[in-house]
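Notes follow the structure.
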Amino acid sequence: MRINIDRVKELTTTFSEPTWLADSRLEAWEAYLQTPMPTGRDEDWRRTDLGVLDLTRLRASNFGALKEGSTQLPPWFEAAAAHFPSRAGALYQSTVSGASVTLSAGAQKQGVIFCDIATAIESHADKIRPLLLESAEKGKFTLLTSALFNCGSFLYIPRNVQIAEPFIFALDFVGQDDADDQGAAIFPRIFVVVEDNSSADFVLMMASPAGAPRASNVSLASVLADFHLKPGSKLNYLEVQDFAQDVFYVEHLNSKVDKDASFNSLCVALGGKQTKADIATYLRGPGANSSVLGAVLGSDNEKFSYNTIQEHNSPDTTSDINFRVAVKDTSASVYQGIIRVDKIAQRTNAFQSNKNLLLSGEAKADSIPKLEILADDVKCSHGATVGPVDREQLFYLRSRGLTPMEAEELIVLGFFRQVFEQFPITAAREWLTEVVSTKIYRTAAAASAVLKGK
Amino acid sequence: MAAELTQDQRLLKGVGDDYKYGFHDSEKDYSFKSGRGLTTEIVTEISRMKDEPEWMLKYRLRALEIFHKKPMPRWGNCKLLDDIDFANIHYYVRATEKQGRTWDEVPEGIKNTFDRLGIPEAERKFLAGVSAQYESEVVYHSIREDLEKQGVIFLDMDSALKQYEDVVRKHFGTVIPSADNKFAALNSAVWSGGSFVYVPKGVKVDIPLQAYFRINTENMGQFERTLIITEPGSFVHYIEGCTAPTYSSDSLHSAVVELIAQPNSHIRYTTIQNWSKNVYNLVTKRAVAYEDSKVEWVDGNIGSKLTMKYPAIYLMGPRAHGEVLSIAFSGEGQHQDAGAKMVHFAPDTTSIIVSKSIAKDGGRTSYRGLVKVYEQATNVKSSVRCDALLMDENSRSDTYPTMEIDQKDVTIEHEATVSKVGEEQLFYLMSRGLTQTEATTMIVNGFFEPFTKELPLEYAVELNRLIQLEMEGSVG
């Protein structure tokens, strides 16, 4: 079905949703209609190519029915999941092959909730309802997702619970053509709540299965995620986006970090036609801190537009951003980042670094790091660089017998590994090295040969 | 000396606490003052009074159309921009009919003003040429004879249009077309005064040329237009300073400055902007730098209510080099939204931006900049460094740099910091017997030093004094 009000109503009927949700969807749909489509004139969208996306031609995808326990999982997910042999929970949703969910007995016993969004609405309305209604995002795409979400996950960690193993949410999306030659659209809605003094690791994997047919029209995945970190809690969030090159990927990630809570995130982007991501972190209580890491590797004609927002709303907060981009072929990246320090947010310590590697003459990288500082007792700084691979490093590797191509690939890998090593989920490092190498060396086999060789 | 001070104090009574240029003169002897507002008639009248060629009148009228068509910028400080009442401004004010070549020819009242600003004395001491603009017109102009003999042209823009019409026509508006932005269009429609500098091949003007801009009338709009051209192998340093009286309602200063540095030449353009805190300073400044040339903007912003100014250098030829060195100081009610643009069109071009800013007493400083590297510009190096100091919790600092890089073979670096005056530095200086104010002032002077050391000595001394004044009472 196309994207229209009938689709909104269809979702409500199909999932027998409560009235409050039906109303909230309709309200979001109304607001969506009222909100003008962003254009190149909006500063935030100035560098995003919206021309490739035709919302009127998209067909909203449906997800397969949910099964408890394991189901037939695609090879990419099996390969990724193998790096996390012990998991607290795994949710898999696919537009092709159904869905499955698991939750470890240990986590279950401690009162952890981990399920798909439909189940959360059905069985945990008391918890999910305020979260869904609170969301005040007013962007065109966030409103669209609020009206049309049809997949997603809910993770809830009660007070004083530490879960060491990761929760994994895997999204499998193929923007197949149908008879009318339309693109597909999915609208994942994600919530994570970590209550006081608890901790958890959450991994979001998004991919199109290898060899999936490519649609001739652009498809859309528009993610809206809200993370709530209550006082003293800790959340490590890893996201890996490896969609096919016909997917227009929009993401809006809001993290609210309370007193003494700690948020660490790493977003890895490897695919998609055009990515437009806003990663906003609100440090709302003394002692709150965040670390936002990014690794973007573009090839072919892929376009990436990342926007990080660090808001210091309380005194004694710290934040750190390390965002790295490498672009080859004719791909292009725009990084925009802002550190905002409220007047009351004294003794803020904020740092932002954006490094860009240009790997071909036709690749482009823009960097726009911004500061808005309203308090005086602060230490805020940012640094940005754009350039090719360091000549001395290249020379060194070539003097050791590597070809220029081999040397460059190795340097790019090292460039990203420095980011991966900053990220606390250590089990992820090997996997990330693997996926990044696969992209650098074009095939998994070539990547593994190089990785094993050294 | 003591008597002079008391006289000054008497004159300055009630016009702002530490702004010593806030006085204003009587307007009773003025020869022309346009009505308020901007119309085709006023533009035509300006052109007619100046006895301009037909093409310039057409140029002005076309620019006026563009001005009306272009929307107000929706970035920077929208609130303050929207407060500008274009209908309430006098677009053309002529205080005297003739221009002096010696100070004796300048009307007494105006001469006294420039005396009080220290201009004639400064000229005798260390300037190669002086231009003094009062309201819309340049009232005094001189250049050292030996330079004139070498073919250096230093004229006010109106005279240049009469005496060198072909050169002016060829270059006027080529660097900044009237459609560039709303305020460039406004300037193109109602421009008056400004400087025209032409330095012939191989001539190095070893001491600076200076222009001085003064607004006297309330709700005045000053729109000077400056064009500097250096032929191959030449050098010139141009310095401008600006002041205005302190009024309760606002004036508008909107200049257009175009620099053309031909191959292997060098232009340095220094600005000490010290408008009173009721002046909007919305200025477009741009240079084109051809191969092996060098352009430097040294830009100090102390005064004005709102400044929006981003000196730009278009590096057009191989090995051209651009530098912007700027400081901004924002006190109560002020917003300095300043920055720099470096656009690399050619290979082996290099650029450096160093920006230092201080905000205190609720003032706001913003750095807004662009480094753009086009695809054909290989082996480009660019470095941007922005540092901001915040003196109290009511002040604000923003940094909005943009880097657009379309070429792989480049080295682009950007760094920015925002902080308060270091407690350790303060502690060290105070342990050596300095008061907190003395220590803070010393740290601030040190913070600005990369800028001040690029100024001629007299200016550096004056700037340090200004900073000291601005810093008084800021701590404790």
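By order in the structure tokens, chains are A, B, ...; within a chain, residues start at 1; ligands start at 1, following the order shown.
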
> chain B residues within 6 Å of chain A, counting only C-alpha atoms: which ones, as a PyMOL selection string?
Replying inline: chain B and resi 390+392-393+396-420

Create the file for the chosen residues now, containing C-alpha atoms and written as a tab-separated table (two decimals), in the first residue's frame.
```tsv
chain	number	residue	atom	x	y	z
B	390	LEU	CA	34.39	34.07	27.44
B	392	ASP	CA	31.45	35.91	32.10
B	393	GLU	CA	28.42	33.68	32.19
B	396	ARG	CA	28.16	33.75	24.23
B	397	SER	CA	30.52	32.38	21.63
B	398	ASP	CA	29.66	30.47	18.44
B	399	THR	CA	31.85	28.84	15.84
B	400	TYR	CA	30.40	27.97	12.44
B	401	PRO	CA	33.14	26.89	10.10
B	402	THR	CA	32.39	25.12	6.84
B	403	MET	CA	34.83	23.07	4.81
B	404	GLU	CA	33.79	21.97	1.33
B	405	ILE	CA	36.43	19.87	-0.28
B	406	ASP	CA	36.05	18.55	-3.83
B	407	GLN	CA	39.67	17.61	-4.37
B	408	LYS	CA	41.63	14.73	-2.89
B	409	ASP	CA	45.11	16.16	-2.97
B	410	VAL	CA	44.74	18.70	-0.18
B	411	THR	CA	45.67	19.36	3.42
B	412	ILE	CA	42.86	21.04	5.31
B	413	GLU	CA	42.94	21.64	9.02
B	414	HIS	CA	40.54	23.35	11.32
B	415	GLU	CA	40.80	23.84	15.05
B	416	ALA	CA	38.73	25.83	17.48
B	417	THR	CA	38.62	26.30	21.21
B	418	VAL	CA	36.33	28.15	23.58
B	419	SER	CA	37.27	28.69	27.17
B	420	LYS	CA	37.53	31.25	29.94
```

>> I want to know what sits within 6 Å of segment 332-342 of chain B, based on only C-alpha atoms, with residues of the same chain fewer than 3 positions away left out; could you give that as a list of chain:residue names?
In response: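 Non-adjacent residues within range: B:Lys305, B:Leu306, B:Thr307, B:Met308, B:Lys309, B:Tyr310, B:Pro311, B:Ala312, B:Ile313, B:Asp361, B:Gly362, B:Gly363, B:Arg364, B:Thr365, B:Ser366, B:Tyr367, B:Arg368, B:Gly369, B:Leu370, B:Val371.
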
>> For segment 206-210 of chain B, find every residue with an atom within 9 Å (counting only C-alpha atoms), except residues of its own chain fewer than 4 positions away, and show them as a list in words.
In response: Glu123, Phe126, Leu127, Ala128, Gly129, Val130, Ser131, Ala132, Ile143, Phe154, Phe235, Val236, His237, Tyr238, Ile239, Glu240, Gly241 and Pro456 of chain B

Next, write the just-selected residues to a file, as a compact mmCIF listing (two decimals), in the first residue's frame, keeping N, CA and C atoms as the atom set.
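For reference, part30.txt as written:
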```txt
# COMPACT_ATOMS: atom_id res chain seq x y z
N GLU B 123 48.97 61.49 10.05
CA GLU B 123 49.42 61.60 8.67
C GLU B 123 50.84 62.13 8.59
N PHE B 126 53.31 59.17 9.91
CA PHE B 126 53.67 57.87 9.35
C PHE B 126 52.79 57.36 8.21
N LEU B 127 52.09 58.24 7.52
CA LEU B 127 51.26 57.72 6.45
C LEU B 127 51.68 58.26 5.10
N ALA B 128 51.50 57.44 4.10
CA ALA B 128 51.88 57.83 2.75
C ALA B 128 50.75 58.58 2.08
N GLY B 129 49.55 58.35 2.54
CA GLY B 129 48.40 59.04 1.95
C GLY B 129 47.24 58.91 2.90
N VAL B 130 46.36 59.91 2.88
CA VAL B 130 45.22 59.88 3.78
C VAL B 130 43.95 60.24 3.02
N SER B 131 42.89 59.52 3.33
CA SER B 131 41.59 59.89 2.82
C SER B 131 40.68 59.96 4.03
N ALA B 132 39.89 61.00 4.12
CA ALA B 132 38.98 61.12 5.25
C ALA B 132 37.56 61.28 4.73
N ILE B 143 48.07 62.52 -1.00
CA ILE B 143 49.01 61.42 -1.21
C ILE B 143 50.40 62.01 -1.33
N PHE B 154 45.74 57.23 -5.65
CA PHE B 154 44.99 57.07 -4.41
C PHE B 154 43.97 58.19 -4.38
N PHE B 235 53.17 46.32 -4.32
CA PHE B 235 52.71 46.08 -2.95
C PHE B 235 52.03 47.32 -2.40
N VAL B 236 50.95 47.10 -1.66
CA VAL B 236 50.34 48.22 -0.96
C VAL B 236 49.71 47.74 0.34
N HIS B 237 49.80 48.59 1.34
CA HIS B 237 49.12 48.33 2.62
C HIS B 237 48.11 49.46 2.84
N TYR B 238 46.85 49.07 2.97
CA TYR B 238 45.78 50.04 3.11
C TYR B 238 45.17 49.85 4.50
N ILE B 239 45.00 50.95 5.20
CA ILE B 239 44.43 50.84 6.55
C ILE B 239 43.16 51.68 6.62
N GLU B 240 42.13 51.14 7.21
CA GLU B 240 40.93 51.95 7.41
C GLU B 240 40.52 51.91 8.87
N GLY B 241 39.99 53.04 9.30
CA GLY B 241 39.47 53.10 10.66
C GLY B 241 38.09 53.73 10.61
N PRO B 456 50.81 48.38 12.43
CA PRO B 456 51.84 49.38 12.66
C PRO B 456 51.83 49.73 14.15
```

>> At a cut-off of 12 Å, using only C-alpha atoms, what residues contact Pro18 of chain A? Leave out same-chain residues fewer than 2 positions from it and give the result as a list in words.
In response: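 The filter keeps Lys9, Leu11, Thr12, Thr13, Thr14, Phe15, Ser16, Trp20, Leu21, Ala22, Asp23, Ser24, Arg25, Ala118, Ile121, Glu122, Ser123, Ala125 and Arg129 of chain A.
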
> Leaving out segment 157-172 of chain B and any residue of its chain fewer than 4 positions from it, which residues lie within 12 Å of it when counting only C-alpha atoms, given as a PyMOL selection string?
Replying inline: chain B and resi 46-47+49-56+59-60+98-99+131+133+136-141+153+176-178+188+191-198+211+223-229+256-260+288

Write the residues of the preceding selection, restricted to C-alpha atoms, as a tab-separated table (two decimals), in the first residue's frame.
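See result.tsv below for the written result:
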```tsv
chain	number	residue	atom	x	y	z
B	46	ILE	CA	22.67	60.96	-5.82
B	47	SER	CA	23.89	60.11	-9.30
B	49	MET	CA	24.51	65.45	-7.82
B	50	LYS	CA	27.71	63.53	-8.48
B	51	ASP	CA	27.38	64.27	-12.20
B	52	GLU	CA	27.95	60.62	-13.02
B	53	PRO	CA	28.04	58.96	-16.44
B	54	GLU	CA	24.81	57.35	-17.61
B	55	TRP	CA	26.09	53.76	-17.17
B	56	MET	CA	26.66	54.31	-13.47
B	59	TYR	CA	24.05	50.33	-12.62
B	60	ARG	CA	22.66	51.95	-9.48
B	98	LYS	CA	34.46	70.61	-1.92
B	99	GLN	CA	37.26	68.25	-1.07
B	131	SER	CA	41.59	59.89	2.82
B	133	GLN	CA	35.34	60.42	4.61
B	136	SER	CA	28.76	60.24	2.40
B	137	GLU	CA	31.64	62.17	0.90
B	138	VAL	CA	35.40	62.20	1.14
B	139	VAL	CA	36.27	65.62	2.52
B	140	TYR	CA	40.03	65.39	2.55
B	141	HIS	CA	42.49	63.60	0.36
B	153	ILE	CA	46.69	56.50	-7.74
B	176	ILE	CA	31.42	41.66	-5.92
B	177	PRO	CA	28.51	41.96	-8.35
B	178	SER	CA	25.49	43.85	-7.09
B	188	SER	CA	25.75	49.35	-5.38
B	191	TRP	CA	27.36	54.06	-2.88
B	192	SER	CA	29.28	57.22	-2.21
B	193	GLY	CA	32.90	57.81	-1.29
B	194	GLY	CA	35.39	55.13	-0.48
B	195	SER	CA	38.85	54.77	-1.98
B	196	PHE	CA	40.31	53.90	-5.32
B	197	VAL	CA	43.88	52.65	-5.19
B	198	TYR	CA	45.90	51.69	-8.24
B	211	ALA	CA	41.32	55.97	4.99
B	223	PHE	CA	27.96	53.20	1.82
B	224	GLU	CA	31.52	53.65	0.78
B	225	ARG	CA	32.91	51.72	-2.14
B	226	THR	CA	36.54	50.76	-2.35
B	227	LEU	CA	38.50	49.23	-5.19
B	228	ILE	CA	42.18	48.38	-4.94
B	229	ILE	CA	44.17	47.09	-7.89
B	256	VAL	CA	31.68	47.03	-0.57
B	257	VAL	CA	35.42	46.50	-0.85
B	258	GLU	CA	36.95	44.85	-3.90
B	259	LEU	CA	40.62	43.92	-4.16
B	260	ILE	CA	42.33	42.71	-7.30
B	288	VAL	CA	40.74	37.95	-6.10
```

>> Would you pick out the contacts of Ile163 of chain A at 12 Å or less, using only C-alpha atoms, so that residues sharing its chain but fewer than 3 positions from it are not included, and give the list as an NGL selection string?
In response: :A and (86-89 or 103-112 or 155-160 or 166-167 or 194 or 197-202 or 233-236)

> What are the DSSP strand (DSSP E) residues of segment 320-411 of chain B, as a VMD selection string?
Replying inline: chain B and resid 321 to 330 335 to 344 350 to 359 364 to 373 380 to 390 396 to 405 410 to 411

> So how far away is atom CA of Trp29 of chain A from atom CA of Ala207 of chain A, in Å?
Replying inline: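 Between atom CA of Ala207 of chain A and atom CA of Trp29 of chain A the gap is 27.5 Å.
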